[in-house]
file protein_19.pdb (PDB, C-alpha atoms)
MODEL        1
ATOM      1  CA  MET V   1      76.453 -45.869 -27.970
ATOM      2  CA  ASN V   2      78.138 -45.680 -24.559
ATOM      3  CA  THR V   3      79.263 -49.100 -23.323
ATOM      4  CA  GLU V   4      80.677 -47.849 -20.024
ATOM      5  CA  PRO V   5      78.574 -48.782 -16.982
ATOM      6  CA  LEU V   6      76.684 -46.091 -15.101
ATOM      7  CA  ARG V   7      78.690 -45.571 -11.889
ATOM      8  CA  TRP V   8      76.529 -45.200  -8.790
ATOM      9  CA  GLY V   9      77.510 -43.677  -5.480
ATOM     10  CA  ILE V  10      75.504 -44.595  -2.394
ATOM     11  CA  LEU V  11      75.093 -41.917   0.306
ATOM     12  CA  GLY V  12      74.666 -43.912   3.481
ATOM     13  CA  THR V  13      74.742 -47.509   4.618
ATOM     14  CA  ALA V  14      71.076 -48.116   5.427
ATOM     15  CA  ASN V  15      69.707 -51.639   4.974
ATOM     16  CA  ILE V  16      67.635 -50.559   1.961
ATOM     17  CA  ALA V  17      70.910 -49.638   0.247
ATOM     18  CA  ARG V  18      71.900 -53.323   0.329
ATOM     19  CA  LYS V  19      68.893 -54.202  -1.822
ATOM     20  CA  ASN V  20      69.733 -51.432  -4.242
ATOM     21  CA  TRP V  21      73.374 -52.557  -4.396
ATOM     22  CA  LYS V  22      72.133 -55.922  -5.578
ATOM     23  CA  ALA V  23      69.665 -54.336  -8.028
ATOM     24  CA  ILE V  24      72.420 -52.150  -9.488
ATOM     25  CA  GLN V  25      74.694 -55.182  -9.796
ATOM     26  CA  LEU V  26      71.994 -57.186 -11.592
ATOM     27  CA  THR V  27      71.318 -54.544 -14.268
ATOM     28  CA  GLY V  28      74.408 -55.449 -16.242
ATOM     29  CA  THR V  29      74.690 -51.779 -17.251
ATOM     30  CA  SER V  30      75.548 -50.206 -13.891
ATOM     31  CA  THR V  31      77.930 -50.623 -10.999
ATOM     32  CA  VAL V  32      78.411 -49.210  -7.528
ATOM     33  CA  SER V  33      81.641 -47.207  -7.631
ATOM     34  CA  ALA V  34      81.521 -45.555  -4.200
ATOM     35  CA  VAL V  35      79.820 -45.664  -0.807
ATOM     36  CA  ALA V  36      79.854 -42.871   1.771
ATOM     37  CA  SER V  37      79.086 -42.824   5.452
ATOM     38  CA  ARG V  38      79.922 -40.320   8.147
ATOM     39  CA  ASP V  39      82.551 -42.899   9.159
ATOM     40  CA  ARG V  40      84.879 -44.381   6.495
ATOM     41  CA  GLU V  41      85.214 -47.648   8.436
ATOM     42  CA  ARG V  42      81.439 -48.077   8.343
ATOM     43  CA  SER V  43      81.563 -47.575   4.559
ATOM     44  CA  ARG V  44      84.286 -50.211   4.316
ATOM     45  CA  ARG V  45      82.264 -52.715   6.355
ATOM     46  CA  PHE V  46      79.169 -52.065   4.248
ATOM     47  CA  ILE V  47      81.158 -52.616   1.039
ATOM     48  CA  ALA V  48      82.720 -55.838   2.379
ATOM     49  CA  GLU V  49      79.330 -57.213   3.429
ATOM     50  CA  CYS V  50      77.719 -56.336   0.094
ATOM     51  CA  GLN V  51      80.682 -57.731  -1.857
ATOM     52  CA  ALA V  52      80.268 -61.026   0.009
ATOM     53  CA  GLU V  53      76.624 -61.212  -1.047
ATOM     54  CA  ALA V  54      76.645 -59.627  -4.527
ATOM     55  CA  PRO V  55      80.230 -59.103  -5.668
ATOM     56  CA  LEU V  56      81.152 -56.405  -8.151
ATOM     57  CA  ALA V  57      84.140 -56.764 -10.492
ATOM     58  CA  VAL V  58      85.718 -53.608  -9.051
ATOM     59  CA  VAL V  59      85.435 -52.973  -5.317
ATOM     60  CA  PRO V  60      83.796 -49.571  -4.698
ATOM     61  CA  GLN V  61      85.676 -46.762  -3.007
ATOM     62  CA  ALA V  62      84.795 -46.031   0.630
ATOM     63  CA  PHE V  63      84.312 -42.413   1.671
ATOM     64  CA  GLY V  64      84.091 -40.983   5.182
ATOM     65  CA  SER V  65      81.866 -38.079   4.140
ATOM     66  CA  TYR V  66      78.979 -37.491   1.784
ATOM     67  CA  GLU V  67      80.701 -34.374   0.407
ATOM     68  CA  ASP V  68      83.724 -36.378  -0.714
ATOM     69  CA  LEU V  69      81.547 -38.850  -2.589
ATOM     70  CA  LEU V  70      79.678 -36.048  -4.347
ATOM     71  CA  ALA V  71      83.001 -34.528  -5.431
ATOM     72  CA  SER V  72      84.274 -37.824  -6.849
ATOM     73  CA  GLU V  73      84.879 -38.079 -10.591
ATOM     74  CA  ALA V  74      84.115 -41.810 -10.275
ATOM     75  CA  VAL V  75      80.376 -41.233  -9.660
ATOM     76  CA  ASP V  76      77.761 -40.570 -12.363
ATOM     77  CA  ALA V  77      74.583 -40.964 -10.291
ATOM     78  CA  VAL V  78      73.735 -41.014  -6.593
ATOM     79  CA  TYR V  79      71.350 -43.139  -4.579
ATOM     80  CA  VAL V  80      70.266 -41.384  -1.359
ATOM     81  CA  PRO V  81      68.884 -43.830   1.240
ATOM     82  CA  LEU V  82      69.076 -41.301   4.055
ATOM     83  CA  PRO V  83      66.332 -40.621   6.620
ATOM     84  CA  THR V  84      63.574 -38.315   5.393
ATOM     85  CA  GLY V  85      64.802 -35.401   7.492
ATOM     86  CA  LEU V  86      68.197 -35.447   5.729
ATOM     87  CA  ARG V  87      67.223 -36.556   2.240
ATOM     88  CA  THR V  88      66.149 -33.210   0.743
ATOM     89  CA  GLU V  89      69.408 -31.498   1.681
ATOM     90  CA  TRP V  90      71.546 -34.248   0.146
ATOM     91  CA  VAL V  91      69.444 -34.626  -2.999
ATOM     92  CA  LEU V  92      69.873 -30.886  -3.582
ATOM     93  CA  ARG V  93      73.609 -31.099  -2.890
ATOM     94  CA  ALA V  94      73.934 -34.030  -5.302
ATOM     95  CA  ALA V  95      72.084 -32.070  -7.989
ATOM     96  CA  ARG V  96      74.387 -29.076  -7.498
ATOM     97  CA  ALA V  97      77.417 -31.376  -7.717
ATOM     98  CA  GLY V  98      76.201 -32.615 -11.078
TER
ENDMDL
END

call {"tool": "encode", "arguments": {"input": "protein_19.pdb", "output": "C-alpha coordinates"}}
result
Amino acid sequence: MNTEPLRWGILGTANIARKNWKAIQLTGTSTVSAVASRDRERSRRFIAECQAEAPLAVVPQAFGSYEDLLASEAVDAVYVPLPTGLRTEWVLRAARAG
(Lines of atoms letter the chains of each structure in order from A and count residues from 1; the text may use other names and numbers.)
(Lines give C-alpha, C1' and ligand atoms only; values in the text may rest on other atoms or scores of the structure.)
Protein backbone atom coordinates (compact mmCIF):
# COMPACT_ATOMS: atom_id res chain seq x y z
CA MET A 1 0.00 0.00 0.00
CA ASN A 2 1.30 3.44 -0.98
CA THR A 3 1.57 5.78 2.01
CA GLU A 4 2.83 8.77 0.02
CA PRO A 5 0.26 11.55 -0.38
CA LEU A 6 -1.26 12.24 -3.79
CA ARG A 7 0.44 15.45 -4.97
CA TRP A 8 -1.93 17.91 -6.63
CA GLY A 9 -1.05 20.75 -8.94
CA ILE A 10 -3.53 23.59 -9.36
CA LEU A 11 -3.69 25.30 -12.78
CA GLY A 12 -4.86 28.80 -11.97
CA THR A 13 -5.63 30.92 -8.94
CA ALA A 14 -9.41 31.24 -9.20
CA ASN A 15 -11.40 31.60 -5.97
CA ILE A 16 -12.86 28.10 -6.36
CA ALA A 17 -9.30 26.77 -6.18
CA ARG A 18 -9.08 28.07 -2.60
CA LYS A 19 -11.94 25.79 -1.57
CA ASN A 20 -10.30 22.85 -3.27
CA TRP A 21 -6.96 23.64 -1.60
CA LYS A 22 -8.71 23.29 1.73
CA ALA A 23 -10.52 20.11 0.62
CA ILE A 24 -7.24 18.56 -0.54
CA GLN A 25 -5.60 19.52 2.75
CA LEU A 26 -8.43 17.96 4.77
CA THR A 27 -8.26 14.56 3.03
CA GLY A 28 -5.21 13.47 4.98
CA THR A 29 -4.09 11.51 1.90
CA SER A 30 -3.32 14.37 -0.49
CA THR A 31 -1.40 17.62 -0.64
CA VAL A 32 -1.04 20.56 -2.97
CA SER A 33 2.51 20.43 -4.31
CA ALA A 34 2.34 23.17 -6.95
CA VAL A 35 0.28 26.12 -8.18
CA ALA A 36 0.59 27.75 -11.60
CA SER A 37 -0.56 31.08 -12.92
CA ARG A 38 0.45 33.04 -15.98
CA ASP A 39 2.38 35.18 -13.47
CA ARG A 40 4.65 33.48 -10.88
CA GLU A 41 4.11 36.31 -8.38
CA ARG A 42 0.36 35.71 -8.54
CA SER A 43 1.00 32.02 -7.80
CA ARG A 44 3.15 33.00 -4.83
CA ARG A 45 0.46 35.31 -3.44
CA PHE A 46 -2.19 32.62 -3.87
CA ILE A 47 0.00 30.08 -2.04
CA ALA A 48 0.72 32.53 0.80
CA GLU A 49 -2.97 33.35 1.23
CA CYS A 50 -3.99 29.69 1.21
CA GLN A 51 -1.16 28.74 3.59
CA ALA A 52 -2.43 31.38 6.02
CA GLU A 53 -5.90 29.83 5.96
CA ALA A 54 -5.17 26.10 5.57
CA PRO A 55 -1.45 25.47 6.00
CA LEU A 56 0.26 22.51 4.39
CA ALA A 57 3.36 20.90 5.93
CA VAL A 58 5.36 21.62 2.76
CA VAL A 59 4.80 24.91 0.95
CA PRO A 60 3.81 24.24 -2.68
CA GLN A 61 6.01 25.34 -5.55
CA ALA A 62 4.89 28.41 -7.51
CA PHE A 63 5.03 28.27 -11.30
CA GLY A 64 4.71 31.13 -13.78
CA SER A 65 3.24 28.94 -16.52
CA TYR A 66 0.81 26.07 -16.78
CA GLU A 67 3.26 24.16 -19.00
CA ASP A 68 5.93 24.19 -16.30
CA LEU A 69 3.52 22.77 -13.74
CA LEU A 70 2.46 19.99 -16.10
CA ALA A 71 6.12 19.09 -16.67
CA SER A 72 6.86 18.91 -12.94
CA GLU A 73 7.82 15.55 -11.43
CA ALA A 74 6.29 16.80 -8.15
CA VAL A 75 2.70 16.59 -9.47
CA ASP A 76 0.59 13.41 -9.65
CA ALA A 77 -2.82 14.95 -10.43
CA VAL A 78 -4.07 18.31 -11.67
CA TYR A 79 -7.04 20.42 -10.68
CA VAL A 80 -8.10 22.77 -13.51
CA PRO A 81 -10.22 25.69 -12.24
CA LEU A 82 -9.85 27.65 -15.47
CA PRO A 83 -12.67 29.42 -17.33
CA THR A 84 -14.76 27.14 -19.54
CA GLY A 85 -13.22 28.48 -22.74
CA LEU A 86 -9.72 27.40 -21.61
CA ARG A 87 -10.50 24.27 -19.63
CA THR A 88 -10.71 21.71 -22.46
CA GLU A 89 -7.30 22.65 -23.85
CA TRP A 90 -5.60 22.35 -20.46
CA VAL A 91 -7.37 19.14 -19.45
CA LEU A 92 -6.14 17.59 -22.70
CA ARG A 93 -2.63 18.93 -22.14
CA ALA A 94 -2.62 17.55 -18.59
CA ALA A 95 -3.73 14.14 -19.87
CA ARG A 96 -0.95 14.13 -22.47
CA ALA A 97 1.57 15.09 -19.77
CA GLY A 98 0.51 12.07 -17.75

call {"tool": "resolve_selection", "arguments": {"input": "protein_19.pdb", "expression": "the PyMOL selection byres ((chain V and resi 7) around 10)", "output": "short mmCIF file (atom, residue, chain, number, x, y, z; two decimals) with C-alpha atoms, keeping the file's coordinate frame"}}
result
data_model
loop_
_atom_site.label_atom_id
_atom_site.label_comp_id
_atom_site.auth_asym_id
_atom_site.auth_seq_id
_atom_site.Cartn_x
_atom_site.Cartn_y
_atom_site.Cartn_z
CA GLU V 4 80.68 -47.85 -20.02
CA PRO V 5 78.57 -48.78 -16.98
CA LEU V 6 76.68 -46.09 -15.10
CA TRP V 8 76.53 -45.20 -8.79
CA GLY V 9 77.51 -43.68 -5.48
CA ILE V 24 72.42 -52.15 -9.49
CA THR V 29 74.69 -51.78 -17.25
CA SER V 30 75.55 -50.21 -13.89
CA THR V 31 77.93 -50.62 -11.00
CA VAL V 32 78.41 -49.21 -7.53
CA SER V 33 81.64 -47.21 -7.63
CA ALA V 34 81.52 -45.56 -4.20
CA PRO V 60 83.80 -49.57 -4.70
CA GLU V 73 84.88 -38.08 -10.59
CA ALA V 74 84.12 -41.81 -10.28
CA VAL V 75 80.38 -41.23 -9.66
CA ASP V 76 77.76 -40.57 -12.36
CA ALA V 77 74.58 -40.96 -10.29
CA VAL V 78 73.74 -41.01 -6.59
#

call {"tool": "residues_around", "arguments": {"input": "protein_19.pdb", "residues": "Arg38 of chain V", "least_positions_apart": "2", "cutoff": "10 Å", "atoms": "all atoms listed in the file", "output": "MDAnalysis selection string"}}
result
chainID V and resid 11:13 36 40:43 63:67

call {"tool": "write_last_selection", "arguments": {"input": "protein_19.pdb", "atoms": "C-alpha atoms", "output": "CSV table (one decimal), keeping the file's coordinate frame"}}
result
chain,number,residue,atom,x,y,z
V,11,LEU,CA,75.1,-41.9,0.3
V,12,GLY,CA,74.7,-43.9,3.5
V,13,THR,CA,74.7,-47.5,4.6
V,36,ALA,CA,79.9,-42.9,1.8
V,40,ARG,CA,84.9,-44.4,6.5
V,41,GLU,CA,85.2,-47.6,8.4
V,42,ARG,CA,81.4,-48.1,8.3
V,43,SER,CA,81.6,-47.6,4.6
V,63,PHE,CA,84.3,-42.4,1.7
V,64,GLY,CA,84.1,-41.0,5.2
V,65,SER,CA,81.9,-38.1,4.1
V,66,TYR,CA,79.0,-37.5,1.8
V,67,GLU,CA,80.7,-34.4,0.4

call {"tool": "closest_residue", "arguments": {"input": "protein_19.pdb", "among": "V:Leu82, V:Ile47, V:Val35, V:Leu26", "to": "Ala14 of chain V", "atoms": "all atoms listed in the file"}}
result
V:Leu82

call {"tool": "resolve_selection", "arguments": {"input": "protein_19.pdb", "expression": "the PyMOL selection byres ((chain V and resi 17) around 10)", "output": "CSV table (one decimal) with C-alpha atoms, keeping the file's coordinate frame"}}
result
chain,number,residue,atom,x,y,z
V,10,ILE,CA,75.5,-44.6,-2.4
V,11,LEU,CA,75.1,-41.9,0.3
V,12,GLY,CA,74.7,-43.9,3.5
V,13,THR,CA,74.7,-47.5,4.6
V,14,ALA,CA,71.1,-48.1,5.4
V,15,ASN,CA,69.7,-51.6,5.0
V,16,ILE,CA,67.6,-50.6,2.0
V,18,ARG,CA,71.9,-53.3,0.3
V,19,LYS,CA,68.9,-54.2,-1.8
V,20,ASN,CA,69.7,-51.4,-4.2
V,21,TRP,CA,73.4,-52.6,-4.4
V,22,LYS,CA,72.1,-55.9,-5.6
V,23,ALA,CA,69.7,-54.3,-8.0
V,35,VAL,CA,79.8,-45.7,-0.8
V,46,PHE,CA,79.2,-52.1,4.2
V,50,CYS,CA,77.7,-56.3,0.1
V,79,TYR,CA,71.4,-43.1,-4.6
V,80,VAL,CA,70.3,-41.4,-1.4
V,81,PRO,CA,68.9,-43.8,1.2
V,82,LEU,CA,69.1,-41.3,4.1

call {"tool": "atom_distance", "arguments": {"input": "protein_19.pdb", "atom1": "atom CA of Glu89 of chain V", "atom2": "atom CA of Ala62 of chain V"}}
result
21.2 Å

call {"tool": "axis_aligned_box", "arguments": {"input": "protein_19.pdb", "around": "segment 80-97 of chain V", "padding_each_side": "6 Å", "output": "AutoDock Vina command-line options"}}
result
--center_x 70.5 --center_y -36.5 --center_z -0.2 --size_x 25.8 --size_y 26.8 --size_z 27.5

call {"tool": "closest_residue", "arguments": {"input": "protein_19.pdb", "among": "V:Leu86, V:Ala48, V:Leu92, V:Ala57", "to": "Leu70 of chain V", "atoms": "all atoms listed in the file"}}
result
V:Leu92

call {"tool": "atom_distance", "arguments": {"input": "protein_19.pdb", "atom1": "atom CA of Gly98 of chain V", "atom2": "atom CA of Leu69 of chain V"}}
result
11.8 Å

call {"tool": "atom_distance", "arguments": {"input": "protein_19.pdb", "atom1": "atom CA of Ala71 of chain V", "atom2": "atom CA of Ala97 of chain V"}}
result
6.8 Å
